[in-house]
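> Coordinates in run.cif, mmCIF, C-alpha atoms and all ligand atoms, are listed below.
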data_start
loop_
_atom_site.label_atom_id
_atom_site.label_comp_id
_atom_site.auth_asym_id
_atom_site.auth_seq_id
_atom_site.Cartn_x
_atom_site.Cartn_y
_atom_site.Cartn_z
CA MET A 969 15.97 -25.78 8.00
CA SER A 970 13.30 -23.32 9.04
CA GLY A 971 9.95 -23.33 7.26
CA TRP A 972 10.70 -19.68 6.34
CA ASP A 973 14.06 -20.43 4.72
CA ILE A 974 12.94 -19.82 1.16
CA LYS A 975 15.19 -17.98 -1.30
CA GLY A 976 14.32 -15.91 -4.38
CA TRP A 977 11.81 -13.40 -3.03
CA CYS A 978 11.94 -10.28 -0.96
CA PRO A 979 11.12 -10.94 2.66
CA GLY A 980 8.37 -9.05 4.41
CA ALA A 981 6.59 -9.15 7.75
CA LEU A 982 4.15 -11.92 6.83
CA ARG A 983 6.88 -13.86 5.01
CA PRO A 984 10.04 -13.33 7.07
CA MET A 985 13.52 -14.48 6.08
CA ALA A 986 15.64 -16.92 8.08
CA SER A 987 19.02 -15.53 9.06
CA GLY A 988 21.89 -16.51 11.36
CA ASP A 989 20.25 -14.77 14.32
CA GLY A 990 16.68 -15.95 13.72
CA LEU A 991 13.91 -14.62 11.51
CA VAL A 992 14.21 -11.16 9.95
CA VAL A 993 10.81 -9.44 9.84
CA ARG A 994 10.69 -6.54 7.38
CA VAL A 995 8.09 -3.86 8.04
CA ARG A 996 7.24 -1.57 5.11
CA PRO A 997 6.07 1.75 6.61
CA PRO A 998 2.70 2.67 5.04
CA LEU A 999 3.06 5.77 2.82
CA GLY A 1000 6.72 5.93 3.84
CA ARG A 1001 6.08 7.30 7.33
CA LEU A 1002 5.58 6.24 10.91
CA THR A 1003 3.50 7.94 13.55
CA PRO A 1004 5.16 8.11 16.98
CA ALA A 1005 2.78 5.34 18.10
CA GLN A 1006 3.78 3.12 15.17
CA ALA A 1007 7.50 3.70 15.78
CA GLY A 1008 7.00 2.90 19.46
CA ALA A 1009 5.09 -0.27 18.55
CA ILE A 1010 7.93 -1.46 16.29
CA ALA A 1011 10.47 -0.81 19.04
CA GLY A 1012 8.29 -2.57 21.62
CA ALA A 1013 7.79 -5.55 19.31
CA ALA A 1014 11.55 -5.78 18.69
CA LEU A 1015 12.12 -5.98 22.45
CA ALA A 1016 9.23 -8.33 23.21
CA HIS A 1017 9.48 -10.70 20.24
CA GLY A 1018 12.95 -10.22 18.71
CA ASN A 1019 16.51 -9.60 19.87
CA GLY A 1020 16.01 -5.83 20.26
CA ILE A 1021 17.88 -4.91 17.07
CA VAL A 1022 16.18 -2.89 14.33
CA ASP A 1023 17.69 -2.41 10.86
CA LEU A 1024 16.90 0.37 8.40
CA SER A 1025 17.13 -1.14 4.91
CA ALA A 1026 18.36 0.43 1.67
CA ARG A 1027 14.70 0.61 0.65
CA ALA A 1028 13.69 2.57 3.74
CA ASN A 1029 12.04 -0.37 5.47
CA LEU A 1030 12.54 -1.40 9.11
CA GLN A 1031 13.67 -4.93 9.94
CA LEU A 1032 13.28 -6.64 13.29
CA ARG A 1033 15.88 -9.34 13.92
CA GLY A 1034 16.11 -12.40 16.13
CA VAL A 1035 12.41 -13.33 15.85
CA THR A 1036 11.47 -16.98 16.41
CA GLU A 1037 8.75 -19.04 14.77
CA ALA A 1038 6.93 -18.94 18.13
CA SER A 1039 7.20 -15.17 18.55
CA HIS A 1040 6.35 -14.30 14.93
CA GLY A 1041 2.57 -14.60 15.40
CA PRO A 1042 2.38 -12.36 18.51
CA LEU A 1043 4.70 -9.85 16.81
CA ILE A 1044 2.41 -9.63 13.77
CA SER A 1045 -0.61 -9.13 16.09
CA ASP A 1046 1.12 -6.24 17.84
CA LEU A 1047 2.10 -4.54 14.59
CA ARG A 1048 -1.27 -5.18 12.92
CA ALA A 1049 -2.95 -3.30 15.77
CA GLU A 1050 -0.96 -0.22 14.66
CA GLY A 1051 -1.86 -0.57 10.96
CA LEU A 1052 1.60 -1.77 9.97
CA ILE A 1053 0.70 -5.11 8.41
CA ASP A 1054 -0.80 -5.75 4.97
CA PRO A 1055 -3.91 -7.93 4.61
CA ASP A 1056 -1.99 -10.74 2.88
CA ILE A 1057 1.43 -11.79 1.57
CA GLN A 1058 0.71 -10.83 -2.04
CA THR A 1059 -0.29 -7.25 -1.14
CA GLU A 1060 2.76 -6.96 1.07
CA SER A 1061 5.17 -8.23 -1.55
CA LEU A 1062 3.82 -5.84 -4.21
CA ARG A 1063 4.09 -2.79 -1.90
CA ASN A 1064 7.68 -1.98 -2.88
CA LEU A 1065 7.63 1.78 -2.60
CA ILE A 1066 10.14 4.35 -1.35
CA VAL A 1067 8.68 7.80 -0.66
CA THR A 1068 10.87 10.89 -0.44
CA PRO A 1069 11.17 12.24 3.09
CA PHE A 1070 11.05 15.80 1.72
CA ARG A 1071 7.53 16.15 0.33
CA ASP A 1072 5.49 18.66 -1.59
CA ALA A 1073 1.85 19.32 -0.68
CA GLU A 1074 0.61 16.43 -2.83
CA THR A 1075 3.18 13.72 -2.05
CA THR A 1076 1.29 11.89 0.69
CA ALA A 1077 -1.90 11.75 -1.40
CA LEU A 1078 0.16 10.51 -4.37
CA ALA A 1079 1.70 7.84 -2.10
CA ALA A 1080 -1.80 6.64 -1.20
CA THR A 1081 -2.79 6.50 -4.90
CA LEU A 1082 0.37 4.62 -5.82
CA THR A 1083 -0.03 2.20 -2.89
CA ALA A 1084 -3.55 1.35 -4.05
CA ALA A 1085 -2.23 0.85 -7.60
CA LEU A 1086 0.55 -1.45 -6.37
CA ALA A 1087 -2.05 -3.83 -4.95
CA ARG A 1088 -3.47 -4.16 -8.49
CA MET A 1089 -0.13 -4.61 -10.24
CA PRO A 1090 0.60 -7.63 -12.43
CA ARG A 1091 3.01 -10.17 -10.93
CA LEU A 1092 6.42 -8.48 -10.83
CA PRO A 1093 9.87 -9.75 -9.83
CA GLY A 1094 10.47 -9.69 -6.07
CA LYS A 1095 12.99 -6.84 -6.14
CA PHE A 1096 11.04 -4.66 -8.58
CA GLY A 1097 10.32 -1.38 -6.83
CA PHE A 1098 8.96 2.15 -7.18
CA ALA A 1099 10.16 5.51 -5.86
CA LEU A 1100 7.87 8.48 -5.30
CA ASP A 1101 10.26 11.41 -5.42
CA THR A 1102 7.95 14.42 -5.59
CA GLY A 1103 9.59 16.80 -3.19
CA PRO A 1104 10.86 20.24 -4.21
CA ARG A 1105 13.78 18.43 -5.95
CA PRO A 1106 14.40 14.68 -6.57
CA VAL A 1107 16.63 13.11 -3.89
CA LEU A 1108 16.15 9.36 -4.44
CA ASN A 1109 18.34 8.95 -7.53
CA GLY A 1110 20.71 6.64 -5.65
CA ALA A 1111 17.94 4.27 -4.53
CA SER A 1112 17.75 0.94 -6.35
CA VAL A 1113 14.25 1.03 -7.85
CA ASP A 1114 12.70 0.37 -11.25
CA ILE A 1115 10.10 3.07 -11.80
CA ARG A 1116 10.35 6.63 -10.48
CA VAL A 1117 7.55 9.16 -10.07
CA GLU A 1118 9.03 12.64 -10.16
CA ARG A 1119 8.33 16.23 -11.13
CA ALA A 1120 9.54 17.84 -14.35
CA ALA A 1121 11.06 21.31 -14.20
CA ASP A 1122 7.59 22.78 -14.91
CA GLY A 1123 6.06 20.86 -11.97
CA ALA A 1124 4.29 18.24 -14.10
CA LEU A 1125 4.23 14.69 -12.77
CA ILE A 1126 6.32 12.20 -14.77
CA LEU A 1127 6.92 8.43 -14.62
CA ARG A 1128 10.53 7.60 -15.39
CA PRO A 1129 11.92 4.10 -16.01
CA SER A 1130 14.84 3.92 -13.62
CA VAL A 1131 18.28 4.83 -15.08
CA HIS A 1132 16.65 6.36 -18.19
CA GLY A 1133 17.15 10.11 -18.31
CA PHE A 1134 13.59 11.03 -19.32
CA GLY A 1135 10.09 10.28 -18.10
CA LYS A 1136 6.57 10.19 -19.50
CA ARG A 1137 4.04 12.81 -18.43
CA VAL A 1138 1.37 11.35 -16.17
CA GLY A 1139 -2.36 11.58 -16.85
CA ASP A 1140 -3.75 9.13 -14.28
CA LEU A 1141 -1.00 8.04 -11.89
CA ALA A 1142 -2.48 4.65 -10.95
CA ALA A 1143 -3.39 3.65 -14.52
CA ASP A 1144 -0.10 4.92 -15.95
CA ALA A 1145 2.00 3.13 -13.28
CA ILE A 1146 0.21 -0.15 -13.98
CA ALA A 1147 0.62 0.39 -17.73
CA ILE A 1148 4.39 0.83 -17.47
CA ALA A 1149 4.65 -2.32 -15.31
CA GLU A 1150 2.64 -4.23 -17.94
CA TRP A 1151 4.93 -2.82 -20.63
CA PHE A 1152 7.95 -4.08 -18.66
CA ILE A 1153 6.49 -7.60 -18.58
CA ALA A 1154 5.43 -7.52 -22.24
CA GLN A 1155 8.98 -6.54 -23.26
CA GLY A 1156 10.42 -9.59 -21.48
CA GLY A 1157 11.74 -7.60 -18.53
CA VAL A 1158 10.98 -10.35 -16.01
CA THR A 1159 13.56 -12.65 -17.57
CA GLU A 1160 15.98 -9.91 -18.66
CA GLY A 1161 18.97 -9.43 -16.34
CA ARG A 1162 17.71 -10.07 -12.81
CA GLY A 1163 14.20 -8.88 -13.54
CA ARG A 1164 15.14 -5.23 -13.18
CA MET A 1165 14.25 -2.24 -15.35
CA ALA A 1166 17.88 -1.19 -15.69
CA ALA A 1167 18.67 -4.30 -17.75
CA LEU A 1168 15.85 -3.57 -20.20
CA ILE A 1169 16.79 0.10 -20.54
CA GLY A 1170 20.41 -0.96 -20.98
CA LYS A 1171 19.32 -2.83 -24.13
CA GLY A 1172 17.74 0.35 -25.49
CA VAL A 1173 14.15 -0.82 -24.89
CA ILE A 1174 12.30 2.30 -23.69
CA PRO A 1175 8.55 2.99 -23.30
CA GLU A 1176 6.95 5.43 -25.76
CA GLY A 1177 6.52 9.03 -24.70
CA CYS A 1178 9.53 9.22 -22.37
CA ASP A 1179 10.65 12.67 -23.46
CA THR A 1180 10.49 14.85 -20.35
CA ALA A 1181 13.51 15.49 -18.12
CA PRO A 1182 13.00 15.44 -14.34
CA ALA A 1183 13.84 18.48 -12.23
CA ASN A 1184 17.52 18.64 -11.30
CA PRO A 1185 18.26 16.19 -8.48
CA LEU A 1186 19.85 17.14 -5.17
CA PRO A 1187 22.82 15.19 -3.78
CA GLN A 1188 22.15 12.82 -0.89
CA PRO A 1189 21.47 15.00 2.15
CA GLU A 1190 23.57 14.90 5.31
CA PRO A 1191 22.47 14.39 8.90
CA GLY A 1192 21.47 17.55 10.75
CA LEU A 1193 18.94 20.37 10.51
CA HIS A 1194 16.85 20.71 7.34
CA PRO A 1195 14.07 23.18 6.50
CA GLU A 1196 11.32 20.71 7.41
CA GLY A 1197 12.97 18.74 10.22
CA VAL A 1198 16.06 16.86 11.33
CA LEU A 1199 17.87 13.92 9.71
CA VAL A 1200 19.57 11.51 12.13
CA ALA A 1201 21.85 8.71 10.92
CA LEU A 1202 22.43 5.16 12.16
CA ALA A 1203 25.76 3.34 11.93
CA PHE A 1204 25.34 0.69 9.22
CA GLY A 1205 21.60 1.41 9.29
CA GLN A 1206 21.14 -0.42 12.58
CA MET A 1207 19.92 0.66 16.01
CA ARG A 1208 18.85 -0.75 19.31
CA ALA A 1209 15.08 -0.72 19.91
CA GLU A 1210 15.72 1.64 22.84
CA THR A 1211 16.98 4.26 20.36
CA LEU A 1212 13.78 3.96 18.32
CA LEU A 1213 11.70 4.15 21.52
CA ALA A 1214 13.48 7.37 22.49
CA LEU A 1215 12.88 8.80 19.01
CA ALA A 1216 9.18 7.86 19.17
CA ALA A 1217 8.91 9.60 22.55
CA LEU A 1218 9.91 12.91 20.89
CA GLY A 1219 6.48 12.88 19.24
CA TYR A 1220 7.48 13.62 15.64
CA GLU A 1221 6.37 11.76 12.53
CA ILE A 1222 9.34 9.62 11.45
CA ARG A 1223 10.10 9.09 7.76
CA PRO A 1224 12.61 6.31 7.08
CA THR A 1225 15.00 7.02 4.20
CA PRO A 1226 17.19 4.78 1.99
CA TRP A 1227 20.32 6.57 3.30
CA ARG A 1228 20.63 4.89 6.72
CA MET A 1229 18.89 7.97 8.15
CA LEU A 1230 15.54 8.79 9.74
CA PHE A 1231 13.81 12.12 9.13
CA LEU A 1232 12.05 13.67 12.12
CA VAL A 1233 9.35 15.85 10.59
CA GLY A 1234 9.02 19.25 12.25
CA ALA A 1235 11.96 18.82 14.64
CA THR A 1236 13.92 22.04 15.09
CA THR A 1237 16.71 20.83 17.36
CA ILE A 1238 19.07 17.90 16.99
CA PRO A 1239 18.14 15.21 19.53
CA GLU A 1240 20.81 13.80 21.82
CA ILE A 1241 19.95 10.11 21.91
CA ALA A 1242 22.42 7.24 22.26
CA GLY A 1243 22.88 5.37 19.00
CA LEU A 1244 22.30 8.34 16.66
CA ILE A 1245 24.88 9.98 14.41
CA THR A 1246 24.22 13.68 13.94
CA ASP A 1247 27.66 14.91 12.86
CA PRO A 1248 28.01 14.73 9.06
CA ALA A 1249 31.79 14.42 9.50
CA ASP A 1250 31.56 11.20 11.54
CA PRO A 1251 33.82 8.74 9.64
CA ILE A 1252 31.46 5.82 10.34
CA LEU A 1253 29.18 7.38 7.70
CA ARG A 1254 31.87 6.70 5.09
CA VAL A 1255 31.92 2.95 5.76
CA THR A 1256 29.31 0.61 4.32
CA ALA A 1257 29.21 -2.82 5.94
CA CYS A 1258 26.68 -5.61 5.56
CA THR A 1259 25.39 -7.75 8.44
CA GLY A 1260 28.32 -10.17 8.19
CA ALA A 1261 29.14 -12.93 10.69
CA PRO A 1262 27.59 -14.25 12.80
CA ALA A 1263 24.11 -12.88 11.99
CA CYS A 1264 24.29 -13.72 8.26
CA PRO A 1265 24.65 -17.45 7.57
CA GLN A 1266 26.52 -16.81 4.30
CA ALA A 1267 29.16 -14.57 5.87
CA LEU A 1268 32.80 -15.61 5.72
CA GLY A 1269 34.00 -13.02 8.23
CA ASP A 1270 33.19 -10.19 10.61
CA THR A 1271 32.17 -6.90 9.07
CA ARG A 1272 30.77 -4.39 11.54
CA HIS A 1273 33.26 -4.67 14.40
CA LEU A 1274 36.05 -4.43 11.87
CA ALA A 1275 34.29 -1.55 10.09
CA ARG A 1276 34.15 0.49 13.32
CA ALA A 1277 37.86 -0.07 13.87
CA LEU A 1278 38.73 0.81 10.28
CA ALA A 1279 36.53 3.94 10.28
CA ALA A 1280 38.89 5.38 12.88
CA VAL A 1281 41.83 5.25 10.45
CA LEU A 1282 40.06 6.49 7.30
CA ALA A 1283 41.50 9.69 5.89
CA PRO A 1284 39.09 12.60 5.30
CA GLY A 1285 36.99 11.82 2.24
CA GLN A 1286 38.12 8.18 2.07
CA THR A 1287 35.27 5.66 1.81
CA LEU A 1288 35.16 1.90 2.30
CA HIS A 1289 32.83 -0.99 1.58
CA LEU A 1290 33.31 -4.01 3.84
CA SER A 1291 31.46 -7.14 2.70
CA GLY A 1292 31.00 -10.43 4.55
CA CYS A 1293 31.04 -12.36 1.25
CA ALA A 1294 31.22 -11.79 -2.49
CA LYS A 1295 27.47 -11.14 -2.71
CA GLY A 1296 28.03 -7.51 -1.66
CA CYS A 1297 24.48 -6.89 -0.36
CA ALA A 1298 25.27 -3.57 1.29
CA HIS A 1299 26.80 -1.90 -1.79
CA PRO A 1300 25.81 -3.54 -5.10
CA SER A 1301 27.50 -0.80 -7.17
CA PRO A 1302 31.28 -0.26 -7.45
CA ALA A 1303 33.07 1.42 -4.54
CA PRO A 1304 36.52 3.03 -4.52
CA LEU A 1305 37.71 0.41 -2.03
CA THR A 1306 36.03 -2.86 -1.09
CA LEU A 1307 37.19 -5.47 1.40
CA THR A 1308 35.50 -8.84 0.87
CA ALA A 1309 35.74 -11.61 3.48
CA THR A 1310 36.88 -14.99 2.10
CA PRO A 1311 37.83 -18.28 3.81
CA GLN A 1312 41.49 -17.14 3.54
CA GLY A 1313 41.06 -13.61 4.93
CA TYR A 1314 40.00 -10.33 3.28
CA ASP A 1315 40.41 -9.46 -0.40
CA LEU A 1316 40.93 -5.85 -1.51
CA ILE A 1317 39.11 -4.68 -4.64
CA ARG A 1318 39.83 -1.24 -6.10
CA GLY A 1319 36.99 0.51 -7.93
CA GLY A 1320 34.77 -2.53 -8.14
CA ILE A 1321 32.07 -4.60 -6.48
CA ALA A 1322 32.56 -7.27 -3.81
CA SER A 1323 32.81 -10.10 -6.36
CA ASP A 1324 35.31 -8.41 -8.71
CA ILE A 1325 38.85 -9.65 -9.19
CA PRO A 1326 40.87 -8.47 -6.18
CA SER A 1327 44.14 -6.54 -6.26
CA LEU A 1328 45.25 -8.15 -2.99
CA THR A 1329 44.06 -11.39 -1.36
CA GLY A 1330 44.18 -13.20 1.98
CA LEU A 1331 44.66 -10.07 4.13
CA SER A 1332 44.48 -10.41 7.91
CA PRO A 1333 42.30 -7.96 9.90
CA GLN A 1334 45.46 -6.71 11.63
CA ALA A 1335 46.99 -5.71 8.29
CA LEU A 1336 44.02 -3.64 7.17
CA PRO A 1337 44.59 -0.31 9.00
CA ASP A 1338 48.05 0.16 7.49
CA LEU A 1339 46.76 -0.94 4.12
CA LEU A 1340 43.99 1.68 4.15
CA LYS A 1341 46.48 4.39 5.09
CA ALA A 1342 48.74 3.32 2.22
CA GLU A 1343 45.81 3.29 -0.22
CA HIS A 1344 45.10 6.92 0.60
CA ALA A 1345 48.70 8.08 0.58
CA PRO A 1346 49.72 9.88 -2.64
CA HIS A 1347 51.49 7.44 -4.97
CA LEU A 1348 54.75 8.95 -6.18
S1 LIG B 1401 27.12 -9.72 1.53
FE1 LIG B 1401 27.18 -11.88 2.14
S2 LIG B 1401 27.68 -11.80 4.31
FE2 LIG B 1401 26.97 -9.77 3.76
S3 LIG B 1401 24.79 -9.79 4.25
FE3 LIG B 1401 25.02 -10.31 2.06
S4 LIG B 1401 25.05 -12.56 2.02
FE4 LIG B 1401 25.46 -11.91 4.15
#
Take the structure in the file and write it out as structure tokens.

Amino acid sequence: MSGWDIKGWCPGALRPMASGDGLVVRVRPPLGRLTPAQAGAIAGAALAHGNGIVDLSARANLQLRGVTEASHGPLISDLRAEGLIDPDIQTESLRNLIVTPFRDAETTALAATLTAALARMPRLPGKFGFALDTGPRPVLNGASVDIRVERAADGALILRPSVHGFGKRVGDLAADAIAIAEWFIAQGGVTEGRGRMAALIGKGVIPEGCDTAPANPLPQPEPGLHPEGVLVALAFGQMRAETLLALAALGYEIRPTPWRMLFLVGATTIPEIAGLITDPADPILRVTACTGAPACPQALGDTRHLARALAAVLAPGQTLHLSGCAKGCAHPSPAPLTLTATPQGYDLIRGGIASDIPSLTGLSPQALPDLLKAEHAPHL
């Protein structure tokens, strides 16, 4: 067993996670953005010290895969030179922040304030996270976080416990964010559910003063041209380092998003770079698949090769979650159709999560295309 193979906390860069293809080093972009130099440094480090694969996580972080214990130190040195590494593990693990890619004039300054506050937070569960969603309209509603900073319809800043419909008006962002984290701990939130805000709110435990509705959210945006730049998507949130190098060479600030997409700030044309998805109709965007075998040691079957094959037979509008085991990392919420790998083949779950009771069990990969077509056919 590797010295890094420790479960129960969120991995970072200073504390990587052991996986089937080596160490996974998670880089949390400071203030939710990367300069071209920083993006190039991450790509270069992935080639020099990893296996050249870079993941974009559901929390808008970048992960370098295939790192060894010997290459981890030089990798950290390279990334630290570009300002991408926190001073210590504790600061890194508390910096759980997703920042909207579509920002208002104050968002970056607010991200700096919130980042400084995170370093002073009380000890929170590993997966406890914040979203700063202060663009013209909220867009991060689908992201799995615990505390959201948003704007009310009148433009006022609010702090909203995740999944609750209303937020509390902010006086001092840093002090108020720390106060709501302390409230969460005082209410027993650390031991409630899996240490997530949603479990506490689900019990009807809500902080005082949460009476202001956020501005109406926008649906998750699609790849393509946007008023402030271009969104490009990655199949399963993964790319080769060469793709990231080519993006860095375009010279735009890059804002990672939780939607398996990167936002190129200020771009006015859609780049033609191998490994990018720029057509919103591409069926691969309707398949969610975790790492699977062989890169994940817990996987009971292939996911991504199969997912590419199955994407080709999906009907328009049909979506699919393909999971390498019942843990369902890539899609923790229910999906219309889920295929979960088991030692006996693939199980089909309708309208559930990867660990729910299946409707069909022990399916072979060869049987799946016809099955998906039948699932979409109108039932008479
Ligand atoms: S769902 Fe299972 S196989 Fe897939 S990444 Fe998570 S632990 Fe690995």
> Using only C-alpha atoms and all ligand atoms, what table do you get, as a Markdown table, when you list each residue of chain A with an atom no more than 6 Å from ligand LIG 1401 (chain B), its nearest pair of atoms, and their distance in Å rounded to one decimal, rows by chain then rising number?

| residue | atom | partner | partner_atom | distance |
| --- | --- | --- | --- | --- |
| A:Cys1258 | CA | B:LIG1401 | FE2 | 4.5 |
| A:Thr1259 | CA | B:LIG1401 | S3 | 4.7 |
| A:Gly1260 | CA | B:LIG1401 | S2 | 4.3 |
| A:Cys1264 | CA | B:LIG1401 | FE4 | 4.6 |
| A:Gln1266 | CA | B:LIG1401 | FE4 | 5.0 |
| A:Ala1267 | CA | B:LIG1401 | S2 | 3.5 |
| A:Ser1291 | CA | B:LIG1401 | S1 | 5.2 |
| A:Gly1292 | CA | B:LIG1401 | S2 | 3.6 |
| A:Cys1293 | CA | B:LIG1401 | FE1 | 4.0 |
| A:Lys1295 | CA | B:LIG1401 | S1 | 4.5 |
| A:Gly1296 | CA | B:LIG1401 | S1 | 4.0 |
| A:Cys1297 | CA | B:LIG1401 | FE3 | 4.2 |
> Between CA of Ala1014 in chain A and CA of Ala1111 in chain A, what is the distance in Å, rounded to a tenth?
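Between CA of Ala1014 in chain A and CA of Ala1111 in chain A the gap is 26.1 Å.
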> Have a look at A:Gln1206, A:Thr1036, A:Asn1029, A:Thr1329 and name the one nearest to Arg1063 in chain A; count all atoms listed in the file.
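Among the listed residues, A:Asn1029 lies closest to Arg1063 in chain A.
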> Do you know which residues are at most 9 Å from range 1165-1174 of chain A counting only C-alpha atoms, after dropping those on the same chain fewer than 3 positions away, and could you put them as number ranges by chain?
A: 1096, 1113-1115, 1129-1132, 1152, 1155-1158, 1160-1162, 1177-1178
> Choose the residue, out of A:Pro1187, A:Gly1103, A:Pro1337, A:Gly1219, that has the smallest atom-to-atom separation from Thr1003 in chain A; count all atoms listed in the file.
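Of A:Pro1187, A:Gly1103, A:Pro1337, A:Gly1219, the one nearest Thr1003 in chain A is A:Gly1219, counting all atoms listed in the file.
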> Using all atoms listed in the file, find all polymer residues with an atom at most 8 Å away from the point (4.6, 4.8, -15.4); report them as a list of chain:residue names.
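The distance filter leaves exactly A:Ile1115, A:Arg1116, A:Val1117, A:Ile1126, A:Leu1127, A:Arg1128, A:Pro1129, A:Lys1136, A:Val1138, A:Leu1141, A:Asp1144, A:Ala1145, A:Ile1146, A:Ala1147, A:Ile1148, A:Ala1149.
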> Keeping C-alpha atoms, export the residues of the selection given above as a PDB file, in the coordinates of the input.

ATOM      1  CA  ILE A1115      10.100   3.070 -11.800  1.00  0.00           C
ATOM      2  CA  ARG A1116      10.350   6.630 -10.480  1.00  0.00           C
ATOM      3  CA  VAL A1117       7.550   9.160 -10.070  1.00  0.00           C
ATOM      4  CA  ILE A1126       6.320  12.200 -14.770  1.00  0.00           C
ATOM      5  CA  LEU A1127       6.920   8.430 -14.620  1.00  0.00           C
ATOM      6  CA  ARG A1128      10.530   7.600 -15.390  1.00  0.00           C
ATOM      7  CA  PRO A1129      11.920   4.100 -16.010  1.00  0.00           C
ATOM      8  CA  LYS A1136       6.570  10.190 -19.500  1.00  0.00           C
ATOM      9  CA  VAL A1138       1.370  11.350 -16.170  1.00  0.00           C
ATOM     10  CA  LEU A1141      -1.000   8.040 -11.890  1.00  0.00           C
ATOM     11  CA  ASP A1144      -0.100   4.920 -15.950  1.00  0.00           C
ATOM     12  CA  ALA A1145       2.000   3.130 -13.280  1.00  0.00           C
ATOM     13  CA  ILE A1146       0.210  -0.150 -13.980  1.00  0.00           C
ATOM     14  CA  ALA A1147       0.620   0.390 -17.730  1.00  0.00           C
ATOM     15  CA  ILE A1148       4.390   0.830 -17.470  1.00  0.00           C
ATOM     16  CA  ALA A1149       4.650  -2.320 -15.310  1.00  0.00           C
TER      17      ALA A1149
END
> Here is a test: counting only C-alpha atoms, which residue of A:His1273, A:Glu1118, A:Ala1085, A:His1040 is nearest to Gly1133 in chain A?
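Answer, going by the shortest atom-to-atom distance: A:Glu1118.
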> Please report the interatomic distance between CA of Phe1134 in chain A and CA of Thr1075 in chain A in Å with one decimal.
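Between these atoms lies a distance of 20.3 Å.
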> Mind pulling up the distance from CA of Glu1060 in chain A to CA of Glu1150 in chain A?
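Answer for the CA of Glu1150 in chain A to CA of Glu1060 in chain A separation: 19.2 Å.
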> Which residues are close to Gly1034 in chain A, i.e. within 7 Å by all atoms listed in the file, leaving aside same-chain residues fewer than 6 positions away? Reply as a list in words.
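Selected residues are Asp989, Gly990, Leu991, Val992, Gly1018 and Asn1019 of chain A.
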> Ala1049 in chain A: which residues within 10 Å, counting only C-alpha atoms, same-chain residues fewer than 4 positions away excluded, as an MDAnalysis selection string?
chainID A and resid 1006 1009 1044:1045 1053
> Could you take the residues named above and write them with C-alpha atoms, as a PDB file, in the frame of the given file?

ATOM      1  CA  GLN A1006       3.780   3.120  15.170  1.00  0.00           C
ATOM      2  CA  ALA A1009       5.090  -0.270  18.550  1.00  0.00           C
ATOM      3  CA  ILE A1044       2.410  -9.630  13.770  1.00  0.00           C
ATOM      4  CA  SER A1045      -0.610  -9.130  16.090  1.00  0.00           C
ATOM      5  CA  ILE A1053       0.700  -5.110   8.410  1.00  0.00           C
TER       6      ILE A1053
END
> Of the candidates A:Pro1302, A:Gly980, A:Pro1224, A:Pro1042, which shows the shortest atom-to-atom distance to His1017 in chain A, using all atoms listed in the file?
A:Pro1042
> Around all listed atoms of range 1117-1122 of chain A, padded 3 Å per side, what centre and edge lengths does the axis-aligned box have in Å to one decimal, as lines of an AutoDock Vina configuration file?

center_x = 9.3
center_y = 16.0
center_z = -12.5
size_x = 9.5
size_y = 19.6
size_z = 10.8
> Once you count only C-alpha atoms, which residues end up no further than 12 Å from (16.0, 17.9, 5.1) in the file's frame, shown as an MDAnalysis selection string?
chainID A and resid 1068:1071 1103:1105 1107 1186:1200 1223 1225 1229:1236
> Hey, which of A:His1344, A:Thr1059, A:Ser1301, A:Leu1307 ends up closest to Leu1282 in chain A? Count all atoms listed in the file.
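When distances to Leu1282 in chain A are compared using all atoms listed in the file, the smallest one comes from A:His1344.
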> Restricting the calculation to only C-alpha atoms, which member of A:Pro1326, A:Pro998, A:Gly1008, A:Pro1106 is positioned closest to Tyr1220 in chain A?
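Going through A:Pro1326, A:Pro998, A:Gly1008, A:Pro1106 one by one, the smallest distance to Tyr1220 in chain A is for A:Gly1008.
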> For Leu1336 in chain A, list every protein, DNA or RNA residue within 12 Å, evaluated using all atoms listed in the file, and leave out those in the same chain fewer than 2 positions away; present the list as number ranges by chain.
A: 1274-1275, 1277-1282, 1288, 1290, 1305-1308, 1313-1316, 1328-1334, 1338-1343
> Just want the 7 Å neighbourhood of Asn1064 in chain A, counted on all atoms listed in the file, with same-chain residues fewer than 3 positions away dropped. Output as a list in words.
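Counting only the stated atoms, we get Ser1061, Gly1097 and Phe1098 of chain A.
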> Go ahead and write the selection's residues with C-alpha atoms as a PDB file, in the frame of the given file.

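Wrote it out as out31.pdb, contents follow:
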ATOM      1  CA  SER A1061       5.170  -8.230  -1.550  1.00  0.00           C
ATOM      2  CA  GLY A1097      10.320  -1.380  -6.830  1.00  0.00           C
ATOM      3  CA  PHE A1098       8.960   2.150  -7.180  1.00  0.00           C
TER       4      PHE A1098
END
